[in-house]
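Right, one structure below, let's go through it.
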Amino acid sequence: MPKYVLGHDLKGEGTRLALMSQLLDPMHRRYIDALGVVRPGARTLEVGCGNGSMSHGSLNALRPAEKQ
Amino acid sequence: MREPNLELRQSDIVADPVEPGTFDLVTARAVLHHVQNPDAAIVNMVAGLRPGGALLLIEPDLLPVSIVEPPDVRAFWEGWLAWAGERGINYFIGRTLAPRLAGLGLMKISGTAETAIYNGGSYRADYWIQTVTELRHELVSSGKVDDALVDMFLGTDPTWWTRAIAFTAVHGWAPVR
């Protein structure tokens, strides 16, 4: 099996993944929101999370608002 | 990254499902085009769904590069695709997602492809510059593109508008038994 070409050890890969999150997370989140399945108590499996921005962001979106 | 409701695991989705029948949503983005056996990965992702759960896949389809201008940019992409083919990367997997899901018995399959229009100096251009810079040695040593073509591609002219990927998002639902 060929080696994955964009390994985390590549110079600049953190920057590339951050750009990817910035460009693609809004679209990804929009599609997830449209499905209406991610509610408090729901379980999500993200396969191949890159820098983790989607899973991390979804959790923050679901967290109850802090009391004022 | 530590959160009470977030668990990071290392496993091989091609080899095994993850906790079959338990997830409300299973999703992968820009993953399957790098996987040698995407069908096995998708089967295992579908196995993770509880009845009524949703699978959402988002993968590239480089259809737009076949019409980009000017011709030397198209030549770069042709070299990129030739290199990718040798490395087992499928940049046309987007168009195959819906039929793959249909073949696995998911219901109400639906999809959309989105293509960003961007110019030199934008974040999207920066993304490709970063990617091609990381892979420059590999690309040039493959013989599919040369240094001059890479240098041309790394330009940042804000008057140059282009497009590259049709990001294809397809979802389907596990039947309620």
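How things are named: the first chain in the structure tokens is A, the next is B, and so on; residues count from 1 in each chain; ligands count from 1 in the order shown.
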Could you give me, as JSON lines, every chain A residue with an atom at most 9 Å from chain B, plus its closest atom pair and distance in Å to one decimal, counting only C-alpha atoms, rows ordered by chain then number?
```
{"residue": "A:Met1", "atom": "CA", "partner": "B:Gln36", "partner_atom": "CA", "distance": 7.2}
{"residue": "A:Pro2", "atom": "CA", "partner": "B:Arg87", "partner_atom": "CA", "distance": 6.4}
{"residue": "A:Lys3", "atom": "CA", "partner": "B:Arg87", "partner_atom": "CA", "distance": 8.2}
{"residue": "A:Tyr4", "atom": "CA", "partner": "B:His34", "partner_atom": "CA", "distance": 7.0}
{"residue": "A:Val5", "atom": "CA", "partner": "B:Leu135", "partner_atom": "CA", "distance": 7.9}
{"residue": "A:Leu6", "atom": "CA", "partner": "B:Leu135", "partner_atom": "CA", "distance": 7.8}
{"residue": "A:Leu10", "atom": "CA", "partner": "B:Glu134", "partner_atom": "CA", "distance": 6.8}
{"residue": "A:Lys11", "atom": "CA", "partner": "B:Glu134", "partner_atom": "CA", "distance": 6.7}
{"residue": "A:Gly12", "atom": "CA", "partner": "B:Glu134", "partner_atom": "CA", "distance": 6.8}
{"residue": "A:Glu13", "atom": "CA", "partner": "B:Glu134", "partner_atom": "CA", "distance": 7.6}
{"residue": "A:Thr15", "atom": "CA", "partner": "B:Gln130", "partner_atom": "CA", "distance": 7.7}
{"residue": "A:Arg16", "atom": "CA", "partner": "B:Gln130", "partner_atom": "CA", "distance": 5.9}
{"residue": "A:Leu17", "atom": "CA", "partner": "B:Tyr127", "partner_atom": "CA", "distance": 8.7}
{"residue": "A:Leu19", "atom": "CA", "partner": "B:Tyr127", "partner_atom": "CA", "distance": 5.9}
{"residue": "A:Met20", "atom": "CA", "partner": "B:Tyr127", "partner_atom": "CA", "distance": 6.9}
{"residue": "A:Gln22", "atom": "CA", "partner": "B:Tyr123", "partner_atom": "CA", "distance": 8.5}
{"residue": "A:Leu23", "atom": "CA", "partner": "B:Arg124", "partner_atom": "CA", "distance": 7.1}
{"residue": "A:Leu24", "atom": "CA", "partner": "B:Arg29", "partner_atom": "CA", "distance": 8.9}
{"residue": "A:His28", "atom": "CA", "partner": "B:Ile58", "partner_atom": "CA", "distance": 7.7}
{"residue": "A:Tyr31", "atom": "CA", "partner": "B:Ala169", "partner_atom": "CA", "distance": 7.9}
{"residue": "A:Ile32", "atom": "CA", "partner": "B:Leu56", "partner_atom": "CA", "distance": 7.7}
{"residue": "A:Leu35", "atom": "CA", "partner": "B:Ala54", "partner_atom": "CA", "distance": 7.6}
{"residue": "A:Val37", "atom": "CA", "partner": "B:Asp24", "partner_atom": "CA", "distance": 6.3}
{"residue": "A:Val38", "atom": "CA", "partner": "B:Leu25", "partner_atom": "CA", "distance": 7.1}
{"residue": "A:Ala42", "atom": "CA", "partner": "B:Asp24", "partner_atom": "CA", "distance": 5.9}
{"residue": "A:Arg43", "atom": "CA", "partner": "B:Phe23", "partner_atom": "CA", "distance": 5.0}
{"residue": "A:Thr44", "atom": "CA", "partner": "B:Leu25", "partner_atom": "CA", "distance": 4.7}
{"residue": "A:Leu45", "atom": "CA", "partner": "B:Val26", "partner_atom": "CA", "distance": 4.7}
{"residue": "A:Glu46", "atom": "CA", "partner": "B:Thr27", "partner_atom": "CA", "distance": 5.0}
{"residue": "A:Val47", "atom": "CA", "partner": "B:Ala28", "partner_atom": "CA", "distance": 5.0}
{"residue": "A:Gly48", "atom": "CA", "partner": "B:Val31", "partner_atom": "CA", "distance": 6.2}
{"residue": "A:Cys49", "atom": "CA", "partner": "B:Ala28", "partner_atom": "CA", "distance": 7.6}
{"residue": "A:Gly52", "atom": "CA", "partner": "B:Met1", "partner_atom": "CA", "distance": 8.2}
{"residue": "A:Ser55", "atom": "CA", "partner": "B:Leu6", "partner_atom": "CA", "distance": 7.6}
{"residue": "A:His56", "atom": "CA", "partner": "B:Leu6", "partner_atom": "CA", "distance": 7.7}
{"residue": "A:Leu59", "atom": "CA", "partner": "B:Asn5", "partner_atom": "CA", "distance": 7.5}
```
### Task
Mind the document's chain letters and residue numbers, and return as a list in words the residues of stretch 105-164 of chain B that DSSP labels helix (DSSP H, G or I).
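Reading the DSSP output for stretch 105-164 of chain B, helix (DSSP H, G or I) covers Tyr123, Arg124, Ala125, Asp126, Tyr127, Trp128, Ile129, Gln130, Thr131, Val132, Thr133, Glu134, Leu135, Arg136, His137, Glu138, Leu139, Val140, Ser141, Asp147, Ala148, Leu149, Val150, Asp151, Met152 and Phe153 of chain B.
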### Task
Would you list, as JSON, numbers by chain, the residues of chain B that end up in strand (DSSP E) under DSSP run on this structure's backbone?
{"B": [23, 24, 25, 26, 27, 28, 29, 49, 50, 51, 52, 53, 54, 55, 56, 57, 58, 59, 107, 108, 109, 110, 111, 112, 113, 114, 115, 118, 119, 161, 162, 166, 167, 168, 169, 170, 171, 172, 173]}
### Task
Considering only C-alpha atoms, return as a list in words whatever protein or nucleic-acid residues lie within 10 Å of B:Phe76, sequence-local ones (same chain, fewer than 5 positions apart) excluded.
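Listed by chain and then number, they are Val65, Pro71, Leu81, Ala82, Lys144, Val145, Asp146, Ala148, Leu149, Val150, Met152 and Phe153 of chain B.
Between atom CA of B:Asn119 and atom CA of B:Trp161 lies a distance of 4.2 Å.
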### Task
For atom CA of A:Gly7 and atom CA of A:Ser53, quote the distance in Å rounded to one decimal.
17.2 Å
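From atom CA of B:Glu78 back to atom CA of A:Gly50, the distance works out to 26.5 Å.
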